[in-house]
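Novice: Pasting a structure here, questions to come.
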Amino acid sequence: MALPLLAAPAGVTAARAARDTAPEGPLSVWRPGVAVQPVVDTGRPFPALGAVSMALPHMVPRPAIVSRAQWRADETKRDRHAHYAGGVGAVFIHHTDTPNGYDCADVPRTLRNLYTGQTRDRRWGDLGYNFLVDKCGTIYEGRAGGADRPVIGSHTLGFNQGTTGIAAIGTFGPGTPVPAAMEHSIAALAAWKLGLGGVDPTGKVRLTSTNDKSRYAKGTSAVFDAISGHRDGFATNCPGEALLARLPAIRKLAAGLQGRPPRALSGTRLTASPGNVHRG
């Protein structure tokens with residue numbers, strides 16, 4: 001199955017579109033000329049910026065991503081420095097809880113409004129989500145720091161470190177159709193990010209909470225699907241009943257994009273290897 005090669009929507013030019021607090025726990029701050037210190041032990045090496053690509057068996061091509069510059073993010077609004085983990089071991093799926101009747105050409109403006117709300121009003125320092133996907137299947141870079149890098153977001157309180165937050169633009173309550181293009185792009189994005197660390201999208205991972213306000217007390221570890229919903233880690237309705245119901249299909253599609261053989265999702269078990277033990 002081919003990965004989506006998505007062009008920027010109309011109106012996006014080459015010029016400069018619910019985690020619940022700022023990132024918690026010990027952080028690694030990247031500055032030019034300073035080596036990144038991992039805060040997540042993934043059990044696998046993660047390539048440093050500029051390093052030669054690793055030949056992992058389940059790596060997939062990076063899907064097309066509209067950059068922050070293309071959706072004209074005002075970089076003066078965000079924190080100066082990004083924070084990094086040692087790799088990405090899990091993905092949390094969200095919805096933005098915004099109207100569904102948008103024109104895809106207007107998504108950059110929606111992103112700028114979300115960006116303002118999450119930096120100025122919620123004081124998260126930047127967009128909380130690492131990536132956002134619209135109903136046309138276009139993927140947007142969210143939090144700054146490099147789409148290819150394990151940037152710590154502000155999307156799932158207690159479980160931001162070593163994970164990526166992907167937000168579906170819209171509201172997906174009971175009975176709301178999830179567009180096929182959106183679903184496929186979420187799967188392609190998750191397959192790519194998890195593939196960088198050799199993580200099976202249909203597998204299980206163990207995460208350790210870093211915040212008492214999550215579903216789990218700080219220091220408590222719990223088993224999650226490698227592709228989980230926001231509500232699995234935090235008391236919320238996000239990503240909505242309709243999108244939550246599509247996660248098994250998204251996991252299966254992501255695994256197929258990684259070239260993994262089909263298997264019964266109900267029989268998936270956590271394997272006892274260091275590569276799937278992560279801290280939140």
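Simple scheme: letters A, B, ... for chains in structure tokens order, numbers from 1 for residues in each chain, numbers from 1 for ligands in the order shown.
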Kindly assemble as a Markdown table a list of the region 125-154 of chain A residues that lie within 6 Å of region 68-88 of chain A, each paired with its nearest atom pair and their distance in Å to one decimal, using only C-alpha atoms, sorted first by chain and then by ascending residue number.
Specialist:
```
| residue | atom | partner | partner_atom | distance |
| --- | --- | --- | --- | --- |
| A:Gly125 | CA | A:Asp79 | CA | 5.0 |
| A:Asp126 | CA | A:Arg78 | CA | 4.9 |
| A:Glu141 | CA | A:Arg68 | CA | 5.8 |
| A:Gly145 | CA | A:Ala82 | CA | 5.3 |
| A:Pro150 | CA | A:Gly87 | CA | 5.2 |
| A:Val151 | CA | A:Tyr84 | CA | 4.6 |
| A:Ile152 | CA | A:Tyr84 | CA | 5.3 |
```
Novice: Could you pull out all residues of region 66-154 of chain A with a DSSP call of alpha helix (DSSP H) and give them as a CSV table (one decimal) with N, CA and C atoms, in the first residue's frame?
Specialist:
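states29.csv, written as the output of this step:
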```csv
chain,number,residue,atom,x,y,z
A,107,VAL,N,-7.5,25.4,6.8
A,107,VAL,CA,-6.9,24.7,8.0
A,107,VAL,C,-5.7,25.5,8.6
A,108,PRO,N,-4.8,26.1,7.7
A,108,PRO,CA,-3.8,26.9,8.3
A,108,PRO,C,-4.3,28.0,9.3
A,109,ARG,N,-5.4,28.6,9.0
A,109,ARG,CA,-5.9,29.6,9.9
A,109,ARG,C,-6.4,29.0,11.2
A,110,THR,N,-7.0,27.8,11.1
A,110,THR,CA,-7.5,27.1,12.2
A,110,THR,C,-6.3,26.7,13.1
A,111,LEU,N,-5.2,26.3,12.5
A,111,LEU,CA,-4.0,26.0,13.3
A,111,LEU,C,-3.4,27.2,14.0
A,112,ARG,N,-3.4,28.3,13.3
A,112,ARG,CA,-2.9,29.5,14.0
A,112,ARG,C,-3.8,29.9,15.2
A,113,ASN,N,-5.1,29.7,15.0
A,113,ASN,CA,-6.0,30.0,16.2
A,113,ASN,C,-5.7,29.0,17.3
A,114,LEU,N,-5.6,27.8,17.0
A,114,LEU,CA,-5.2,26.8,18.1
A,114,LEU,C,-3.9,27.1,18.7
A,115,TYR,N,-3.0,27.5,17.9
A,115,TYR,CA,-1.6,27.9,18.4
A,115,TYR,C,-1.7,29.1,19.4
A,116,THR,N,-2.5,30.1,19.0
A,116,THR,CA,-2.6,31.2,19.9
A,116,THR,C,-3.3,30.8,21.2
```
Novice: Going by DSSP on the backbone, which bits of region 30-234 of chain A are strand (DSSP E)? Write them as a VMD selection string, please.
Specialist: chain A and resid 83 to 84 90 to 95 131 to 133 139 to 141 163 to 168 204 to 208 221 to 225 227 to 229
Novice: Rounded to one decimal, what separation in Å do you get between CA of Phe131 (chain A) and CA of Ile166 (chain A)?
Specialist: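 Going from CA of Phe131 (chain A) over to CA of Ile166 (chain A) covers 4.8 Å.
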Novice: For a test of reading the model, state the distance in Å between CA of Asp106 (chain A) and CA of Ala167 (chain A), rounded to one decimal.
Specialist: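 Calculated distance between CA of Asp106 (chain A) and CA of Ala167 (chain A) is 16.7 Å.
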Novice: Can you pull out every residue within 8 Å of region 238-252 of chain A, counting only C-alpha atoms, but drop anything in the same chain fewer than 3 positions away, and send it as an mmCIF file with all heavy atoms, in the first residue's frame?
Specialist:
```cif
data_model
loop_
_atom_site.group_PDB
_atom_site.id
_atom_site.type_symbol
_atom_site.label_atom_id
_atom_site.label_comp_id
_atom_site.auth_asym_id
_atom_site.auth_seq_id
_atom_site.Cartn_x
_atom_site.Cartn_y
_atom_site.Cartn_z
ATOM 1 N N ILE A 93 -3.709 9.365 20.179
ATOM 2 C CA ILE A 93 -4.590 9.989 19.196
ATOM 3 C C ILE A 93 -5.578 10.918 19.903
ATOM 4 O O ILE A 93 -6.170 10.556 20.920
ATOM 5 C CB ILE A 93 -5.366 8.921 18.391
ATOM 6 C CG1 ILE A 93 -4.393 7.926 17.747
ATOM 7 C CG2 ILE A 93 -6.247 9.583 17.339
ATOM 8 C CD1 ILE A 93 -3.420 8.540 16.769
ATOM 9 N N HIS A 94 -5.776 12.091 19.324
ATOM 10 C CA HIS A 94 -6.639 13.142 19.877
ATOM 11 C C HIS A 94 -7.590 13.643 18.801
ATOM 12 O O HIS A 94 -7.418 13.357 17.620
ATOM 13 C CB HIS A 94 -5.788 14.335 20.351
ATOM 14 C CG HIS A 94 -4.717 13.988 21.318
ATOM 15 N ND1 HIS A 94 -4.807 14.258 22.661
ATOM 16 C CD2 HIS A 94 -3.509 13.383 21.137
ATOM 17 C CE1 HIS A 94 -3.711 13.831 23.266
ATOM 18 N NE2 HIS A 94 -2.908 13.301 22.368
ATOM 19 N N HIS A 95 -8.576 14.429 19.221
ATOM 20 C CA HIS A 95 -9.275 15.295 18.279
ATOM 21 C C HIS A 95 -9.191 16.713 18.837
ATOM 22 O O HIS A 95 -8.955 16.914 20.028
ATOM 23 C CB HIS A 95 -10.707 14.844 18.006
ATOM 24 C CG HIS A 95 -11.657 14.961 19.174
ATOM 25 N ND1 HIS A 95 -12.999 14.690 19.061
ATOM 26 C CD2 HIS A 95 -11.481 15.321 20.476
ATOM 27 C CE1 HIS A 95 -13.597 14.877 20.208
ATOM 28 N NE2 HIS A 95 -12.701 15.254 21.086
ATOM 29 N N THR A 171 -14.321 17.199 15.513
ATOM 30 C CA THR A 171 -14.933 16.614 16.705
ATOM 31 C C THR A 171 -15.555 15.285 16.307
ATOM 32 O O THR A 171 -16.335 15.227 15.350
ATOM 33 C CB THR A 171 -16.008 17.554 17.279
ATOM 34 O OG1 THR A 171 -15.404 18.816 17.584
ATOM 35 C CG2 THR A 171 -16.629 16.969 18.538
ATOM 36 N N PHE A 172 -15.215 14.226 17.039
ATOM 37 C CA PHE A 172 -15.613 12.887 16.614
ATOM 38 C C PHE A 172 -16.388 12.156 17.709
ATOM 39 O O PHE A 172 -15.980 11.108 18.192
ATOM 40 C CB PHE A 172 -14.388 12.102 16.145
ATOM 41 C CG PHE A 172 -13.780 12.715 14.908
ATOM 42 C CD1 PHE A 172 -12.742 13.630 15.013
ATOM 43 C CD2 PHE A 172 -14.313 12.439 13.670
ATOM 44 C CE1 PHE A 172 -12.222 14.240 13.888
ATOM 45 C CE2 PHE A 172 -13.806 13.041 12.530
ATOM 46 C CZ PHE A 172 -12.748 13.946 12.638
ATOM 47 N N GLY A 173 -17.542 12.761 18.051
ATOM 48 C CA GLY A 173 -18.453 12.129 18.988
ATOM 49 C C GLY A 173 -19.154 10.947 18.362
ATOM 50 O O GLY A 173 -18.917 10.603 17.196
ATOM 51 N N PRO A 174 -20.051 10.291 19.109
ATOM 52 C CA PRO A 174 -20.734 9.088 18.621
ATOM 53 C C PRO A 174 -21.419 9.337 17.278
ATOM 54 O O PRO A 174 -22.103 10.349 17.087
ATOM 55 C CB PRO A 174 -21.759 8.793 19.723
ATOM 56 C CG PRO A 174 -21.185 9.418 20.950
ATOM 57 C CD PRO A 174 -20.472 10.655 20.483
ATOM 58 N N GLY A 175 -21.226 8.415 16.338
ATOM 59 C CA GLY A 175 -21.899 8.483 15.050
ATOM 60 C C GLY A 175 -21.275 9.403 14.031
ATOM 61 O O GLY A 175 -21.771 9.494 12.899
ATOM 62 N N THR A 176 -20.203 10.099 14.376
ATOM 63 C CA THR A 176 -19.559 11.009 13.429
ATOM 64 C C THR A 176 -18.639 10.225 12.495
ATOM 65 O O THR A 176 -17.749 9.514 12.982
ATOM 66 C CB THR A 176 -18.728 12.074 14.164
ATOM 67 O OG1 THR A 176 -19.560 12.775 15.086
ATOM 68 C CG2 THR A 176 -18.112 13.056 13.182
ATOM 69 N N PRO A 177 -18.812 10.324 11.204
ATOM 70 C CA PRO A 177 -17.928 9.587 10.296
ATOM 71 C C PRO A 177 -16.495 10.103 10.386
ATOM 72 O O PRO A 177 -16.257 11.313 10.487
ATOM 73 C CB PRO A 177 -18.519 9.876 8.910
ATOM 74 C CG PRO A 177 -19.914 10.355 9.166
ATOM 75 C CD PRO A 177 -19.870 11.051 10.483
ATOM 76 N N VAL A 178 -15.549 9.185 10.379
ATOM 77 C CA VAL A 178 -14.134 9.550 10.327
ATOM 78 C C VAL A 178 -13.698 9.437 8.871
ATOM 79 O O VAL A 178 -13.746 8.349 8.298
ATOM 80 C CB VAL A 178 -13.280 8.627 11.206
ATOM 81 C CG1 VAL A 178 -11.814 9.030 11.128
ATOM 82 C CG2 VAL A 178 -13.767 8.659 12.657
ATOM 83 N N GLU A 183 -8.059 8.992 8.257
ATOM 84 C CA GLU A 183 -7.694 7.739 8.905
ATOM 85 C C GLU A 183 -6.406 7.167 8.310
ATOM 86 O O GLU A 183 -5.509 6.733 9.037
ATOM 87 C CB GLU A 183 -8.847 6.752 8.743
ATOM 88 C CG GLU A 183 -8.743 5.501 9.564
ATOM 89 C CD GLU A 183 -10.036 4.703 9.499
ATOM 90 O OE1 GLU A 183 -11.110 5.274 9.776
ATOM 91 O OE2 GLU A 183 -9.958 3.510 9.161
ATOM 92 N N HIS A 184 -6.311 7.192 6.993
ATOM 93 C CA HIS A 184 -5.121 6.651 6.339
ATOM 94 C C HIS A 184 -3.888 7.469 6.687
ATOM 95 O O HIS A 184 -2.801 6.907 6.924
ATOM 96 C CB HIS A 184 -5.309 6.604 4.824
ATOM 97 C CG HIS A 184 -4.189 5.892 4.117
ATOM 98 N ND1 HIS A 184 -3.038 6.526 3.734
ATOM 99 C CD2 HIS A 184 -4.039 4.588 3.759
ATOM 100 C CE1 HIS A 184 -2.220 5.662 3.158
ATOM 101 N NE2 HIS A 184 -2.806 4.484 3.157
ATOM 102 N N ILE A 186 -3.347 9.308 9.409
ATOM 103 C CA ILE A 186 -2.981 9.046 10.800
ATOM 104 C C ILE A 186 -2.195 7.739 10.880
ATOM 105 O O ILE A 186 -1.158 7.655 11.563
ATOM 106 C CB ILE A 186 -4.232 8.991 11.691
ATOM 107 C CG1 ILE A 186 -4.852 10.389 11.828
ATOM 108 C CG2 ILE A 186 -3.890 8.429 13.079
ATOM 109 C CD1 ILE A 186 -6.192 10.397 12.555
ATOM 110 N N ALA A 187 -2.665 6.714 10.158
ATOM 111 C CA ALA A 187 -1.979 5.422 10.164
ATOM 112 C C ALA A 187 -0.581 5.538 9.559
ATOM 113 O O ALA A 187 0.386 4.966 10.079
ATOM 114 C CB ALA A 187 -2.806 4.389 9.410
ATOM 115 N N PRO A 201 2.824 -1.274 15.525
ATOM 116 C CA PRO A 201 1.613 -0.489 15.818
ATOM 117 C C PRO A 201 0.488 -1.294 16.455
ATOM 118 O O PRO A 201 -0.406 -0.717 17.081
ATOM 119 C CB PRO A 201 1.192 0.037 14.439
ATOM 120 C CG PRO A 201 2.451 0.040 13.639
ATOM 121 C CD PRO A 201 3.205 -1.171 14.104
ATOM 122 N N THR A 202 0.495 -2.627 16.300
ATOM 123 C CA THR A 202 -0.530 -3.455 16.930
ATOM 124 C C THR A 202 -0.052 -4.059 18.243
ATOM 125 O O THR A 202 -0.755 -4.872 18.852
ATOM 126 C CB THR A 202 -0.968 -4.599 15.988
ATOM 127 O OG1 THR A 202 0.150 -5.456 15.718
ATOM 128 C CG2 THR A 202 -1.531 -4.058 14.697
ATOM 129 N N ILE A 227 -0.678 2.370 19.736
ATOM 130 C CA ILE A 227 -1.502 3.491 19.263
ATOM 131 C C ILE A 227 -2.714 3.542 20.177
ATOM 132 O O ILE A 227 -3.594 2.677 20.108
ATOM 133 C CB ILE A 227 -1.918 3.319 17.799
ATOM 134 C CG1 ILE A 227 -0.684 3.246 16.889
ATOM 135 C CG2 ILE A 227 -2.829 4.463 17.363
ATOM 136 C CD1 ILE A 227 -1.007 3.021 15.418
ATOM 137 N N SER A 228 -2.750 4.512 21.070
ATOM 138 C CA SER A 228 -3.804 4.636 22.077
ATOM 139 C C SER A 228 -4.570 5.933 21.897
ATOM 140 O O SER A 228 -4.121 6.851 21.196
ATOM 141 C CB SER A 228 -3.207 4.592 23.493
ATOM 142 O OG SER A 228 -2.752 3.303 23.825
ATOM 143 N N GLY A 229 -5.713 6.031 22.550
ATOM 144 C CA GLY A 229 -6.478 7.268 22.581
ATOM 145 C C GLY A 229 -6.082 8.109 23.783
ATOM 146 O O GLY A 229 -5.597 7.583 24.800
ATOM 147 N N HIS A 230 -6.293 9.409 23.692
ATOM 148 C CA HIS A 230 -5.991 10.326 24.785
ATOM 149 C C HIS A 230 -6.622 9.851 26.094
ATOM 150 O O HIS A 230 -5.998 9.896 27.155
ATOM 151 C CB HIS A 230 -6.505 11.725 24.405
ATOM 152 C CG HIS A 230 -6.172 12.801 25.382
ATOM 153 N ND1 HIS A 230 -6.713 14.065 25.290
ATOM 154 C CD2 HIS A 230 -5.378 12.827 26.477
ATOM 155 C CE1 HIS A 230 -6.253 14.820 26.279
ATOM 156 N NE2 HIS A 230 -5.443 14.086 27.021
ATOM 157 N N ARG A 231 -7.866 9.367 26.020
ATOM 158 C CA ARG A 231 -8.585 8.965 27.229
ATOM 159 C C ARG A 231 -7.940 7.775 27.935
ATOM 160 O O ARG A 231 -8.215 7.530 29.107
ATOM 161 C CB ARG A 231 -10.041 8.634 26.905
ATOM 162 C CG ARG A 231 -10.232 7.396 26.049
ATOM 163 C CD ARG A 231 -11.694 7.021 25.934
ATOM 164 N NE ARG A 231 -12.452 8.037 25.208
ATOM 165 C CZ ARG A 231 -13.771 7.976 25.010
ATOM 166 N NH1 ARG A 231 -14.475 6.962 25.482
ATOM 167 N NH2 ARG A 231 -14.383 8.917 24.340
ATOM 168 N N ALA A 255 0.321 -1.178 10.800
ATOM 169 C CA ALA A 255 1.164 -2.373 10.790
ATOM 170 C C ALA A 255 1.377 -2.874 9.370
ATOM 171 O O ALA A 255 2.480 -3.306 8.997
ATOM 172 C CB ALA A 255 0.528 -3.469 11.654
ATOM 173 N N GLY A 256 0.319 -2.814 8.545
ATOM 174 C CA GLY A 256 0.455 -3.211 7.152
ATOM 175 C C GLY A 256 1.419 -2.328 6.395
ATOM 176 O O GLY A 256 2.208 -2.801 5.570
ATOM 177 N N PRO A 262 -0.495 -9.812 9.066
ATOM 178 C CA PRO A 262 -1.720 -9.629 9.854
ATOM 179 C C PRO A 262 -1.736 -10.564 11.049
ATOM 180 O O PRO A 262 -1.201 -11.672 11.012
ATOM 181 C CB PRO A 262 -2.833 -9.997 8.867
ATOM 182 C CG PRO A 262 -2.217 -9.893 7.522
ATOM 183 C CD PRO A 262 -0.780 -10.266 7.691
ATOM 184 N N LEU A 265 -5.741 -8.838 16.693
ATOM 185 C CA LEU A 265 -5.394 -7.797 17.657
ATOM 186 C C LEU A 265 -5.716 -8.219 19.071
ATOM 187 O O LEU A 265 -5.058 -7.821 20.017
ATOM 188 C CB LEU A 265 -6.148 -6.501 17.310
ATOM 189 C CG LEU A 265 -5.844 -5.923 15.920
ATOM 190 C CD1 LEU A 265 -6.546 -4.586 15.760
ATOM 191 C CD2 LEU A 265 -4.351 -5.758 15.701
#
```
Novice: Quick one: everything within 12 Å of Ser185 (chain A), counting only C-alpha atoms, minus sequence neighbours fewer than 6 positions away in the same chain. Send it as a ChimeraX atom specification.
Specialist: /A:2-6,62-65,131-140,166-168,178-179,191-192,250-251,253-254,257
Novice: Can you tell me how far CA of Gly198 (chain A) sits from CA of Gln258 (chain A), in Å to one decimal?
Specialist: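 We find that CA of Gly198 (chain A) and CA of Gln258 (chain A) lie 9.3 Å from each other.
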Novice: Which is closest to Thr236 (chain A) among A:Val91, A:Leu157, A:Leu56, A:Ala105, if we use only C-alpha atoms?
Specialist: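 Under the stated criterion, the closest residue is A:Leu157.
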